[in-house]
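Pasted below: structure20.cif, mmCIF, C-alpha atoms.
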```
data_final
#
loop_
_atom_site.group_PDB
_atom_site.id
_atom_site.type_symbol
_atom_site.label_atom_id
_atom_site.label_comp_id
_atom_site.auth_asym_id
_atom_site.auth_seq_id
_atom_site.Cartn_x
_atom_site.Cartn_y
_atom_site.Cartn_z
ATOM 1 C CA MET L 129 -58.920 -28.866 19.184
ATOM 2 C CA ALA L 130 -57.427 -28.981 15.689
ATOM 3 C CA ARG L 131 -58.518 -25.389 15.086
ATOM 4 C CA ASN L 132 -56.912 -24.187 18.334
ATOM 5 C CA THR L 133 -53.668 -26.042 17.589
ATOM 6 C CA SER L 134 -53.566 -24.413 14.151
ATOM 7 C CA ARG L 135 -53.937 -21.003 15.720
ATOM 8 C CA ILE L 136 -51.135 -21.734 18.162
ATOM 9 C CA VAL L 137 -48.850 -22.849 15.325
ATOM 10 C CA VAL L 138 -49.707 -19.808 13.237
ATOM 11 C CA GLY L 139 -49.218 -17.522 16.209
ATOM 12 C CA GLY L 140 -45.920 -19.175 17.003
ATOM 13 C CA GLY L 141 -44.795 -18.743 13.409
ATOM 14 C CA ILE L 142 -45.592 -15.034 13.479
ATOM 15 C CA ALA L 143 -43.734 -14.606 16.772
ATOM 16 C CA ALA L 144 -40.716 -16.453 15.366
ATOM 17 C CA SER L 145 -40.752 -14.213 12.297
ATOM 18 C CA VAL L 146 -40.871 -11.111 14.467
ATOM 19 C CA VAL L 147 -37.929 -12.352 16.566
ATOM 20 C CA ALA L 148 -35.945 -13.252 13.450
ATOM 21 C CA GLY L 149 -36.669 -9.846 11.922
ATOM 22 C CA ALA L 150 -35.648 -8.022 15.080
ATOM 23 C CA THR L 151 -32.461 -10.096 15.336
ATOM 24 C CA TYR L 152 -31.516 -9.308 11.750
ATOM 25 C CA GLY L 153 -32.315 -5.623 12.223
ATOM 26 C CA LEU L 154 -30.108 -5.329 15.299
ATOM 27 C CA ALA L 155 -27.331 -7.362 13.656
ATOM 28 C CA ASN L 156 -27.424 -5.159 10.568
ATOM 29 C CA LEU L 157 -27.322 -2.039 12.737
ATOM 30 C CA MET L 158 -24.307 -3.365 14.665
ATOM 31 C CA PHE L 159 -22.585 -4.364 11.430
ATOM 32 C CA SER L 160 -22.985 -0.873 9.965
ATOM 33 C CA TYR L 161 -21.916 0.817 13.191
ATOM 34 C CA ALA L 162 -18.879 -1.380 13.772
ATOM 35 C CA LEU L 163 -17.571 -2.376 10.343
ATOM 36 C CA ASP L 164 -18.892 -0.119 7.564
ATOM 37 C CA ALA L 165 -16.727 2.983 7.134
ATOM 38 C CA GLN L 166 -19.322 4.550 4.833
ATOM 39 C CA ALA L 167 -22.258 4.208 7.225
ATOM 40 C CA LYS L 168 -23.604 7.486 8.573
ATOM 41 C CA HIS L 169 -23.020 6.597 12.210
ATOM 42 C CA SER L 170 -20.008 4.330 11.728
ATOM 43 C CA MET L 171 -17.610 4.005 14.647
ATOM 44 C CA LEU L 172 -14.841 4.089 12.041
ATOM 45 C CA ARG L 173 -15.650 7.747 11.399
ATOM 46 C CA SER L 174 -14.850 8.705 14.970
ATOM 47 C CA GLY L 175 -11.109 8.952 14.359
ATOM 48 C CA ARG L 176 -10.428 7.585 17.852
ATOM 49 C CA ASP L 177 -8.739 4.296 18.496
ATOM 50 C CA ASP L 178 -10.517 1.830 20.759
ATOM 51 C CA GLY L 179 -8.016 2.449 23.511
ATOM 52 C CA LYS L 180 -9.138 6.056 23.778
ATOM 53 C CA VAL L 181 -12.753 4.936 23.930
ATOM 54 C CA ALA L 182 -12.130 2.651 26.872
ATOM 55 C CA ASP L 183 -8.874 3.797 28.438
ATOM 56 C CA LYS L 184 -8.529 4.010 32.203
ATOM 57 C CA GLY L 185 -5.735 4.870 34.566
ATOM 58 C CA PRO L 186 -2.831 7.323 34.628
ATOM 59 C CA ARG L 187 -0.639 8.227 31.650
ATOM 60 C CA LEU L 188 2.785 8.011 33.242
ATOM 61 C CA ASP L 189 4.439 8.274 29.834
ATOM 62 C CA ALA L 190 2.731 11.497 28.683
ATOM 63 C CA ALA L 191 6.072 13.230 28.066
ATOM 64 C CA GLU L 192 7.301 10.306 25.972
ATOM 65 C CA GLU L 193 4.064 10.270 23.994
ATOM 66 C CA ALA L 194 4.423 13.974 23.164
ATOM 67 C CA GLU L 195 8.051 13.543 22.102
ATOM 68 C CA ALA L 196 7.161 10.527 19.973
ATOM 69 C CA GLU L 197 4.311 12.350 18.258
ATOM 70 C CA ASP L 198 6.686 15.163 17.245
ATOM 71 C CA TRP L 199 9.196 12.611 15.951
ATOM 72 C CA PHE L 200 6.432 10.825 14.038
ATOM 73 C CA ASP L 201 5.264 14.003 12.290
ATOM 74 C CA GLN L 202 8.778 15.151 11.426
ATOM 75 C CA SER L 203 10.237 11.806 10.315
ATOM 76 C CA LYS L 204 7.457 9.995 8.447
ATOM 77 C CA GLN L 205 7.927 8.944 4.842
ATOM 78 C CA PRO L 206 4.857 7.863 2.840
ATOM 79 C CA VAL L 207 4.608 4.421 1.265
ATOM 80 C CA VAL L 208 1.749 2.863 -0.710
ATOM 81 C CA ILE L 209 1.020 -0.721 -1.810
ATOM 82 C CA SER L 210 -1.872 -2.643 -3.342
ATOM 83 C CA ALA L 211 -3.694 -5.281 -1.302
ATOM 84 C CA GLU L 212 -4.511 -8.709 -2.714
ATOM 85 C CA ASP L 213 -7.998 -7.453 -3.592
ATOM 86 C CA GLY L 214 -6.592 -4.382 -5.357
ATOM 87 C CA ILE L 215 -7.339 -1.615 -2.856
ATOM 88 C CA GLN L 216 -4.620 0.911 -2.020
ATOM 89 C CA LEU L 217 -3.019 0.675 1.402
ATOM 90 C CA HIS L 218 -1.049 3.570 2.862
ATOM 91 C CA GLY L 219 1.610 3.621 5.540
ATOM 92 C CA TRP L 220 4.488 5.595 6.988
ATOM 93 C CA LEU L 221 8.130 4.516 6.989
ATOM 94 C CA PHE L 222 10.729 5.612 9.561
ATOM 95 C CA ASP L 223 14.503 5.289 9.538
ATOM 96 C CA PRO L 224 16.355 4.043 12.646
ATOM 97 C CA ASP L 225 16.735 6.776 15.258
ATOM 98 C CA CYS L 226 20.064 5.760 16.744
ATOM 99 C CA ALA L 227 23.771 5.770 15.932
ATOM 100 C CA GLY L 228 25.326 2.605 14.539
ATOM 101 C CA ALA L 229 22.063 0.799 13.792
ATOM 102 C CA LYS L 230 22.429 -2.827 12.722
ATOM 103 C CA PRO L 231 21.328 -3.605 9.139
ATOM 104 C CA HIS L 232 18.309 -5.655 8.110
ATOM 105 C CA LEU L 233 16.144 -4.879 11.175
ATOM 106 C CA TYR L 234 12.497 -3.957 10.535
ATOM 107 C CA ALA L 235 9.413 -3.527 12.701
ATOM 108 C CA ILE L 236 5.791 -3.240 11.569
ATOM 109 C CA CYS L 237 3.505 -1.548 14.128
ATOM 110 C CA CYS L 238 -0.275 -1.907 13.749
ATOM 111 C CA HIS L 239 -2.833 0.459 15.295
ATOM 112 C CA GLY L 240 -6.150 -0.416 16.905
ATOM 113 C CA TYR L 241 -9.761 -0.341 15.783
ATOM 114 C CA SER L 242 -10.924 3.060 14.444
ATOM 115 C CA GLY L 243 -7.414 4.375 15.098
ATOM 116 C CA GLN L 244 -4.687 5.987 13.018
ATOM 117 C CA PRO L 245 -1.007 5.222 12.367
ATOM 118 C CA GLN L 246 0.039 8.121 14.601
ATOM 119 C CA ASP L 247 -1.511 6.260 17.556
ATOM 120 C CA MET L 248 1.532 3.975 17.311
ATOM 121 C CA ALA L 249 4.073 6.818 17.550
ATOM 122 C CA LYS L 250 5.583 5.870 20.925
ATOM 123 C CA TYR L 251 5.879 2.205 19.959
ATOM 124 C CA ALA L 252 7.421 3.030 16.585
ATOM 125 C CA HIS L 253 9.851 5.469 18.208
ATOM 126 C CA ARG L 254 11.001 2.889 20.760
ATOM 127 C CA PHE L 255 11.795 0.384 18.016
ATOM 128 C CA ALA L 256 13.473 3.038 15.861
ATOM 129 C CA ARG L 257 15.703 3.872 18.824
ATOM 130 C CA LEU L 258 16.623 0.187 19.054
ATOM 131 C CA GLY L 259 17.842 0.391 15.452
ATOM 132 C CA PHE L 260 14.806 -0.826 13.532
ATOM 133 C CA THR L 261 13.478 0.661 10.321
ATOM 134 C CA VAL L 262 9.808 0.986 11.222
ATOM 135 C CA LEU L 263 6.692 0.706 9.063
ATOM 136 C CA VAL L 264 3.361 1.907 10.455
ATOM 137 C CA PRO L 265 0.504 1.024 8.101
ATOM 138 C CA ALA L 266 -3.023 2.391 8.141
ATOM 139 C CA LEU L 267 -5.209 -0.710 8.291
ATOM 140 C CA ARG L 268 -7.894 -1.044 5.630
ATOM 141 C CA GLY L 269 -10.841 1.267 6.143
ATOM 142 C CA HIS L 270 -8.685 3.484 8.363
ATOM 143 C CA GLY L 271 -6.716 6.648 7.708
ATOM 144 C CA LEU L 272 -5.585 6.999 4.106
ATOM 145 C CA SER L 273 -6.014 3.305 3.309
ATOM 146 C CA GLU L 274 -8.912 2.298 1.094
ATOM 147 C CA GLY L 275 -11.492 -0.317 1.958
ATOM 148 C CA ARG L 276 -15.089 0.103 2.998
ATOM 149 C CA TYR L 277 -15.121 -2.479 5.766
ATOM 150 C CA ALA L 278 -12.847 -2.968 8.764
ATOM 151 C CA GLY L 279 -11.033 -6.287 8.565
ATOM 152 C CA MET L 280 -10.903 -6.872 12.344
ATOM 153 C CA GLY L 281 -7.497 -8.476 11.854
ATOM 154 C CA TRP L 282 -8.691 -11.189 9.489
ATOM 155 C CA LEU L 283 -8.530 -9.232 6.233
ATOM 156 C CA ASP L 284 -5.597 -7.304 7.672
ATOM 157 C CA ARG L 285 -3.527 -10.468 8.044
ATOM 158 C CA ARG L 286 -3.254 -10.729 4.270
ATOM 159 C CA ASP L 287 -2.559 -6.993 4.022
ATOM 160 C CA LEU L 288 0.269 -7.488 6.513
ATOM 161 C CA MET L 289 1.651 -10.227 4.288
ATOM 162 C CA ARG L 290 1.806 -7.660 1.480
ATOM 163 C CA TRP L 291 3.707 -5.205 3.682
ATOM 164 C CA ILE L 292 6.077 -8.002 4.673
ATOM 165 C CA SER L 293 6.629 -8.817 0.990
ATOM 166 C CA LEU L 294 7.404 -5.157 0.288
ATOM 167 C CA ILE L 295 10.167 -5.182 2.901
ATOM 168 C CA ILE L 296 11.636 -8.484 1.738
ATOM 169 C CA GLY L 297 11.508 -7.270 -1.851
ATOM 170 C CA SER L 298 13.844 -4.424 -0.942
ATOM 171 C CA ASP L 299 15.994 -6.411 1.518
ATOM 172 C CA ALA L 300 16.129 -10.190 1.135
ATOM 173 C CA ASP L 301 17.994 -10.445 4.460
ATOM 174 C CA ALA L 302 15.341 -8.526 6.381
ATOM 175 C CA ARG L 303 14.543 -9.678 9.925
ATOM 176 C CA ILE L 304 11.071 -8.478 10.833
ATOM 177 C CA LEU L 305 9.258 -7.823 14.121
ATOM 178 C CA LEU L 306 5.456 -7.629 14.064
ATOM 179 C CA GLN L 307 3.796 -5.549 16.792
ATOM 180 C CA GLY L 308 0.268 -4.311 17.317
ATOM 181 C CA LYS L 309 -2.330 -3.292 19.855
ATOM 182 C CA SER L 310 -5.978 -4.355 20.085
ATOM 183 C CA MET L 311 -7.264 -4.944 16.526
ATOM 184 C CA GLY L 312 -3.693 -4.453 15.319
ATOM 185 C CA ALA L 313 -2.613 -7.123 17.786
ATOM 186 C CA ALA L 314 -5.302 -9.432 16.396
ATOM 187 C CA ALA L 315 -3.945 -8.774 12.894
ATOM 188 C CA VAL L 316 -0.459 -9.724 14.102
ATOM 189 C CA MET L 317 -1.651 -12.929 15.801
ATOM 190 C CA MET L 318 -3.660 -13.951 12.762
ATOM 191 C CA THR L 319 -0.697 -13.254 10.476
ATOM 192 C CA VAL L 320 1.794 -15.416 12.375
ATOM 193 C CA GLY L 321 -0.432 -18.423 11.783
ATOM 194 C CA GLU L 322 -0.429 -18.057 7.992
ATOM 195 C CA PRO L 323 1.084 -21.069 6.194
ATOM 196 C CA ASP L 324 3.042 -18.814 3.819
ATOM 197 C CA LEU L 325 4.560 -16.592 6.529
ATOM 198 C CA PRO L 326 8.141 -15.859 5.379
ATOM 199 C CA ARG L 327 11.053 -16.918 7.550
ATOM 200 C CA ASN L 328 12.077 -13.254 7.595
ATOM 201 C CA VAL L 329 9.417 -12.667 10.271
ATOM 202 C CA VAL L 330 11.400 -13.351 13.420
ATOM 203 C CA ALA L 331 9.091 -12.457 16.327
ATOM 204 C CA ALA L 332 5.833 -10.778 17.321
ATOM 205 C CA VAL L 333 4.502 -8.676 20.207
ATOM 206 C CA GLU L 334 0.754 -8.368 20.749
ATOM 207 C CA ASP L 335 -0.824 -5.911 23.175
ATOM 208 C CA CYS L 336 -4.452 -6.372 24.346
ATOM 209 C CA GLY L 337 -5.630 -8.366 21.351
ATOM 210 C CA TYR L 338 -8.883 -10.308 21.482
ATOM 211 C CA ALA L 339 -9.167 -14.083 21.103
ATOM 212 C CA SER L 340 -11.706 -14.077 18.270
ATOM 213 C CA VAL L 341 -13.809 -11.557 16.374
ATOM 214 C CA GLY L 342 -17.070 -13.281 17.241
ATOM 215 C CA GLN L 343 -16.398 -13.401 20.972
ATOM 216 C CA GLN L 344 -15.202 -9.798 20.955
ATOM 217 C CA PHE L 345 -18.450 -8.591 19.409
ATOM 218 C CA ILE L 346 -20.444 -10.659 21.909
ATOM 219 C CA ASP L 347 -18.482 -8.996 24.723
ATOM 220 C CA CYS L 348 -19.085 -5.553 23.181
ATOM 221 C CA ALA L 349 -22.797 -6.269 22.704
ATOM 222 C CA ARG L 350 -23.043 -7.062 26.394
ATOM 223 C CA SER L 351 -20.822 -4.282 27.746
ATOM 224 C CA MET L 352 -21.684 -1.420 25.365
ATOM 225 C CA PHE L 353 -25.302 -2.219 24.483
ATOM 226 C CA HIS L 354 -26.185 -4.095 27.695
ATOM 227 C CA LEU L 355 -27.660 -7.056 25.834
ATOM 228 C CA PRO L 356 -28.083 -10.301 27.776
ATOM 229 C CA LYS L 357 -25.974 -13.229 26.591
ATOM 230 C CA PHE L 358 -28.942 -15.133 25.156
ATOM 231 C CA LEU L 359 -29.620 -12.166 22.825
ATOM 232 C CA ALA L 360 -26.025 -11.133 22.119
ATOM 233 C CA LYS L 361 -24.947 -14.499 20.717
ATOM 234 C CA PRO L 362 -27.617 -14.900 17.986
ATOM 235 C CA ILE L 363 -27.301 -11.242 17.014
ATOM 236 C CA VAL L 364 -23.533 -11.548 16.588
ATOM 237 C CA THR L 365 -23.967 -14.838 14.704
ATOM 238 C CA THR L 366 -26.291 -13.034 12.288
ATOM 239 C CA MET L 367 -23.876 -10.119 12.132
ATOM 240 C CA GLY L 368 -21.162 -12.571 11.101
ATOM 241 C CA ALA L 369 -23.350 -13.860 8.273
ATOM 242 C CA ILE L 370 -23.870 -10.274 7.097
ATOM 243 C CA ALA L 371 -20.121 -9.675 7.252
ATOM 244 C CA GLN L 372 -19.494 -12.815 5.180
ATOM 245 C CA ARG L 373 -21.826 -11.573 2.467
ATOM 246 C CA ARG L 374 -20.810 -7.910 2.423
ATOM 247 C CA ALA L 375 -17.252 -7.712 3.740
ATOM 248 C CA GLY L 376 -15.984 -11.071 2.498
ATOM 249 C CA TYR L 377 -15.297 -12.762 5.819
ATOM 250 C CA GLY L 378 -17.281 -14.430 8.568
ATOM 251 C CA PHE L 379 -16.555 -14.422 12.267
ATOM 252 C CA GLN L 380 -16.118 -18.180 12.642
ATOM 253 C CA LYS L 381 -12.756 -18.263 10.868
ATOM 254 C CA ALA L 382 -11.572 -14.906 12.211
ATOM 255 C CA SER L 383 -9.927 -16.332 15.312
ATOM 256 C CA CYS L 384 -6.576 -15.490 16.861
ATOM 257 C CA VAL L 385 -6.781 -18.666 18.909
ATOM 258 C CA GLU L 386 -7.063 -20.858 15.815
ATOM 259 C CA GLN L 387 -4.285 -19.025 13.957
ATOM 260 C CA LEU L 388 -1.939 -19.185 16.951
ATOM 261 C CA LYS L 389 -2.160 -22.958 16.875
ATOM 262 C CA HIS L 390 0.120 -22.707 13.840
ATOM 263 C CA ALA L 391 2.553 -20.136 15.255
ATOM 264 C CA THR L 392 6.234 -21.060 15.398
ATOM 265 C CA ILE L 393 8.026 -17.750 16.028
ATOM 266 C CA PRO L 394 8.772 -16.229 19.474
ATOM 267 C CA MET L 395 5.738 -14.387 20.837
ATOM 268 C CA LEU L 396 5.166 -11.864 23.627
ATOM 269 C CA PHE L 397 1.569 -11.417 24.867
ATOM 270 C CA ILE L 398 0.598 -8.322 26.919
ATOM 271 C CA HIS L 399 -2.717 -7.319 28.494
ATOM 272 C CA GLY L 400 -4.169 -4.995 31.104
ATOM 273 C CA GLY L 401 -5.896 -6.580 34.082
ATOM 274 C CA ALA L 402 -8.457 -3.753 34.237
ATOM 275 C CA ASP L 403 -9.326 -3.988 30.534
ATOM 276 C CA ASP L 404 -13.109 -3.850 30.203
ATOM 277 C CA PHE L 405 -13.116 -3.545 26.392
ATOM 278 C CA VAL L 406 -11.159 -6.704 25.556
ATOM 279 C CA PRO L 407 -11.474 -8.840 28.715
ATOM 280 C CA SER L 408 -8.132 -9.943 30.145
ATOM 281 C CA ARG L 409 -9.117 -13.598 29.796
ATOM 282 C CA ALA L 410 -8.033 -13.183 26.164
ATOM 283 C CA LEU L 411 -4.420 -13.069 27.380
ATOM 284 C CA ASP L 412 -4.545 -16.639 28.670
ATOM 285 C CA GLU L 413 -6.677 -17.868 25.777
ATOM 286 C CA ASN L 414 -4.208 -16.580 23.199
ATOM 287 C CA PHE L 415 -1.122 -17.578 25.177
ATOM 288 C CA ASP L 416 -2.393 -21.113 25.801
ATOM 289 C CA ALA L 417 -3.320 -21.542 22.129
ATOM 290 C CA CYS L 418 0.076 -20.418 20.855
ATOM 291 C CA ALA L 419 2.078 -23.351 19.506
ATOM 292 C CA SER L 420 5.409 -21.520 19.685
ATOM 293 C CA ILE L 421 7.918 -23.013 22.109
ATOM 294 C CA ASP L 422 9.286 -19.510 22.809
ATOM 295 C CA ARG L 423 6.413 -17.523 24.245
ATOM 296 C CA GLN L 424 5.873 -15.312 27.272
ATOM 297 C CA LYS L 425 3.146 -13.103 28.703
ATOM 298 C CA LEU L 426 2.852 -9.953 30.775
ATOM 299 C CA LEU L 427 -0.227 -8.825 32.721
ATOM 300 C CA ILE L 428 -0.346 -5.229 33.988
ATOM 301 C CA PRO L 429 -3.004 -5.588 36.741
ATOM 302 C CA SER L 430 -4.266 -2.008 36.914
ATOM 303 C CA ALA L 431 -4.115 -1.149 33.198
ATOM 304 C CA GLY L 432 -7.221 -0.495 31.134
ATOM 305 C CA HIS L 433 -7.557 -1.245 27.448
ATOM 306 C CA SER L 434 -4.473 -0.274 25.450
ATOM 307 C CA MET L 435 -3.056 1.415 28.553
ATOM 308 C CA SER L 436 -0.376 -1.029 29.709
ATOM 309 C CA ALA L 437 2.539 1.052 28.405
ATOM 310 C CA SER L 438 1.123 4.200 30.024
ATOM 311 C CA THR L 439 0.176 2.576 33.340
ATOM 312 C CA ALA L 440 3.486 0.774 33.950
ATOM 313 C CA PRO L 441 5.993 2.101 31.400
ATOM 314 C CA VAL L 442 9.099 0.823 33.211
ATOM 315 C CA VAL L 443 7.868 -2.776 33.495
ATOM 316 C CA TYR L 444 6.291 -2.679 30.040
ATOM 317 C CA TRP L 445 9.336 -1.475 28.137
ATOM 318 C CA LYS L 446 11.802 -3.538 30.159
ATOM 319 C CA THR L 447 9.840 -6.646 29.196
ATOM 320 C CA VAL L 448 9.460 -5.665 25.537
ATOM 321 C CA THR L 449 13.072 -4.516 25.170
ATOM 322 C CA ASN L 450 14.471 -7.645 26.827
ATOM 323 C CA PHE L 451 12.354 -9.830 24.568
ATOM 324 C CA VAL L 452 13.324 -8.008 21.371
ATOM 325 C CA THR L 453 16.978 -7.755 22.362
ATOM 326 C CA ARG L 454 17.169 -11.471 23.107
ATOM 327 C CA VAL L 455 15.345 -12.671 20.011
ATOM 328 C CA PHE L 456 17.139 -10.368 17.584
ATOM 329 C CA GLY L 457 20.532 -10.642 19.280
ATOM 330 C CA LEU L 458 20.911 -6.901 19.786
#
```
As structure tokens - that is how I would like this structure written.
Amino acid sequence: MARNTSRIVVGGGIAASVVAGATYGLANLMFSYALDAQAKHSMLRSGRDDGKVADKGPRLDAAEEAEAEDWFDQSKQPVVISAEDGIQLHGWLFDPDCAGAKPHLYAICCHGYSGQPQDMAKYAHRFARLGFTVLVPALRGHGLSEGRYAGMGWLDRRDLMRWISLIIGSDADARILLQGKSMGAAAVMMTVGEPDLPRNVVAAVEDCGYASVGQQFIDCARSMFHLPKFLAKPIVTTMGAIAQRRAGYGFQKASCVEQLKHATIPMLFIHGGADDFVPSRALDENFDACASIDRQKLLIPSAGHSMSASTAPVVYWKTVTNFVTRVFGL
């Protein structure tokens, strides 16, 4: 009996080692694919933002998008800063695109995962037409910005603080709007919860941001790689440990929900009801977690990921414009 028990224990140990090895291998593969810009098959090399990977529905604002892209290309002014860890971050600056613009108004628009600053052209143009000077940064590991690993909003929150400091350094009376979509929205939500957020940041608009990095990767593991939940969770947990060691951040702390518990500025949350990349439950999770007294949300039922402005442009921009106009007293 003792001999048989020993064999069972040994066999069980080998099986556990095989499972652990397979889990690590899959986690490492997912880490390289999703976060390492230098990996051969990195998603960050695709040059497509996550909205274009998962978008659904009509583009009712196609004409506006084309006009905004032309404006973006013709009006952009380059700007470069150093991040807290020393890497170079690049962005584009735009003057207000209206007559009689009020002074001291600034907007920072943040693109999505594997995207580019030009993906934010229509958003930047809308704010420029409202009288804002607009900054559109390339998030680390994207576009011209340095950085090997995508920050998924967590590293980007400190980069955003550097961009905010750049604006305040040139205009101490600056009143700043933060806006982003998907990963850029996560960066915005994580930034507003920072204890050293300057009072110059007046409000924020997030569009289709996830609730936490860990949960988002679990959702992607299930939807994109068809892994069952009991496999997805340990793989993503291991992936987070790899990210902590290589990229400098783990998934446990990288949570919009936790950061929003410290938010005090007015917030507008937007999501598409047909979003199958970042599930729409994130809208309620983020909204409910937000500690700001002044907060509102908008659900566009038929919009896919990052498609709310294209699916229902009238409702979308009426809501955003009313919010910005009210908060900034325009």
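Among the candidate residues L:Ala431, L:Leu306, L:Ile421, L:Cys348, the one lying nearest to L:Gly401 is L:Ala431, with distances computed using only C-alpha atoms.
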Practice task
Kindly indicate which residue among L:Ala278, L:Ala402, L:Ala349, L:Met311 lies nearest to L:Gln166, using all atoms listed in the file for the distances.
Solution key: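 Between L:Ala278, L:Ala402, L:Ala349, L:Met311, the residue approaching L:Gln166 most closely is L:Ala278.
Running the PyMOL selection byres ((chain L and resi 392) around 7) on this file leaves His390, Ala391, Ile393, Pro394, Ala419 and Ser420 of chain L selected.
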Handout entry: Nearby residues (all atoms listed in the file) at most 9 Å from L:Phe222, same-chain spacing under 5 positions excluded, as a ChimeraX atom specification
Key = /L:200,203-205,252-253,256,260-264
Exercise for the section: Could you jot down the atom CA of L:Ile363 to atom CA of L:Ala155 separation for me, Å, one decimal place? Expected result: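 Interatomic distance here is 5.1 Å.
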Could you tell me which residues the PyMOL selection byres ((chain L and resi 207) around 9) returns for this structure, as a tab-separated table (two decimals) with C-alpha atoms, in the coordinates of the input?
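This went into out36.tsv:
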```tsv
chain	number	residue	atom	x	y	z
L	205	GLN	CA	7.93	8.94	4.84
L	206	PRO	CA	4.86	7.86	2.84
L	208	VAL	CA	1.75	2.86	-0.71
L	209	ILE	CA	1.02	-0.72	-1.81
L	217	LEU	CA	-3.02	0.68	1.40
L	218	HIS	CA	-1.05	3.57	2.86
L	219	GLY	CA	1.61	3.62	5.54
L	220	TRP	CA	4.49	5.60	6.99
L	221	LEU	CA	8.13	4.52	6.99
L	263	LEU	CA	6.69	0.71	9.06
L	265	PRO	CA	0.50	1.02	8.10
```
Practice task
Apply the PyMOL selection byres ((chain L and resi 331) around 9) to the file shown and report the selected residues as a list in words.
Solution key: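 Output from the PyMOL selection byres ((chain L and resi 331) around 9), applied to this file: Arg303, Ile304, Leu305, Leu306, Gln307, Val320, Val329, Val330, Ala332, Val333, Ile393, Pro394, Met395, Leu396, Val452, Val455 and Phe456 of chain L.
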Pick out the residues sitting within 12 Å of L:Gln380, and hand them over as an mmCIF file with C-alpha atoms, in the frame of the given file; count only C-alpha atoms, and ignore anything fewer than 6 positions along from it in its own chain.
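For reference, selection.cif as written:
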```
data_model
loop_
_atom_site.group_PDB
_atom_site.id
_atom_site.type_symbol
_atom_site.label_atom_id
_atom_site.label_comp_id
_atom_site.auth_asym_id
_atom_site.auth_seq_id
_atom_site.Cartn_x
_atom_site.Cartn_y
_atom_site.Cartn_z
ATOM 1 C CA TRP L 282 -8.691 -11.189 9.489
ATOM 2 C CA ALA L 339 -9.167 -14.083 21.103
ATOM 3 C CA SER L 340 -11.706 -14.077 18.270
ATOM 4 C CA VAL L 341 -13.809 -11.557 16.374
ATOM 5 C CA GLY L 342 -17.070 -13.281 17.241
ATOM 6 C CA GLN L 343 -16.398 -13.401 20.972
ATOM 7 C CA GLN L 344 -15.202 -9.798 20.955
ATOM 8 C CA PHE L 345 -18.450 -8.591 19.409
ATOM 9 C CA VAL L 364 -23.533 -11.548 16.588
ATOM 10 C CA THR L 365 -23.967 -14.838 14.704
ATOM 11 C CA THR L 366 -26.291 -13.034 12.288
ATOM 12 C CA MET L 367 -23.876 -10.119 12.132
ATOM 13 C CA GLY L 368 -21.162 -12.571 11.101
ATOM 14 C CA ALA L 369 -23.350 -13.860 8.273
ATOM 15 C CA ALA L 371 -20.121 -9.675 7.252
ATOM 16 C CA GLN L 372 -19.494 -12.815 5.180
ATOM 17 C CA GLU L 386 -7.063 -20.858 15.815
ATOM 18 C CA GLN L 387 -4.285 -19.025 13.957
#
```
Exercise for the section: Would you kindly return, as a count of residues only, each protein, DNA or RNA residue with an atom no farther than 7 Å from any atom of stretch 404-417 of chain L, considering all atoms listed in the file and excluding same-chain residues fewer than 3 positions away? Expected result: 16
Practice task
Please identify all polymer residues within 9 Å of stretch 156-165 of chain L, counting only C-alpha atoms, omitting same-chain residues fewer than 2 positions from it, and present them as a list in words.
Solution key: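 So the residues in contact are Thr151, Tyr152, Gly153, Leu154, Ala167, Lys168, His169, Ser170, Met171, Leu172, Arg173, Gly269, His270, Gly275, Arg276, Tyr277, Ala278, Gly279, Met280, Ala349, Ile363, Val364, Thr366, Met367, Gly368, Ile370, Ala371 and Ala375 of chain L.
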Centre and edges of the stretch 436-439 of chain L box, axis-aligned, 3 Å extra per side, as JSON:
```
{"center_x": 1.1, "center_y": 1.6, "center_z": 30.9, "size_x": 8.9, "size_y": 11.2, "size_z": 10.9}
```
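Atom pair atom CA of L:Asp213 / atom CA of L:Met289: separated by 12.8 Å.
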Problem - Proximity to L:Trp445 - best of L:Glu322, L:Phe358, L:Ile428, L:Cys418, all atoms listed in the file - result: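 Closest candidate: L:Ile428.
Here the question is which of L:Arg350, L:His239, L:Arg268, L:Lys357 gets nearest to L:Ala313 using only C-alpha atoms, and that residue is L:His239.
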Completion exercise
Using only C-alpha atoms, the shortest atom-to-atom distance to L:Gly259 among L:Leu272, L:Leu458, L:Leu426, L:Ile296 belongs to L:Leu458
Exercise for the section: Take atom CA of L:Thr319 and atom CA of L:Leu283 and report the distance between them in Å, one decimal. Expected result: 9.8 Å
Completion exercise
Closest of L:Asp299, L:Asn450, L:Gly214, L:Leu233 to L:Ser273, counting all atoms listed in the file, is L:Gly214
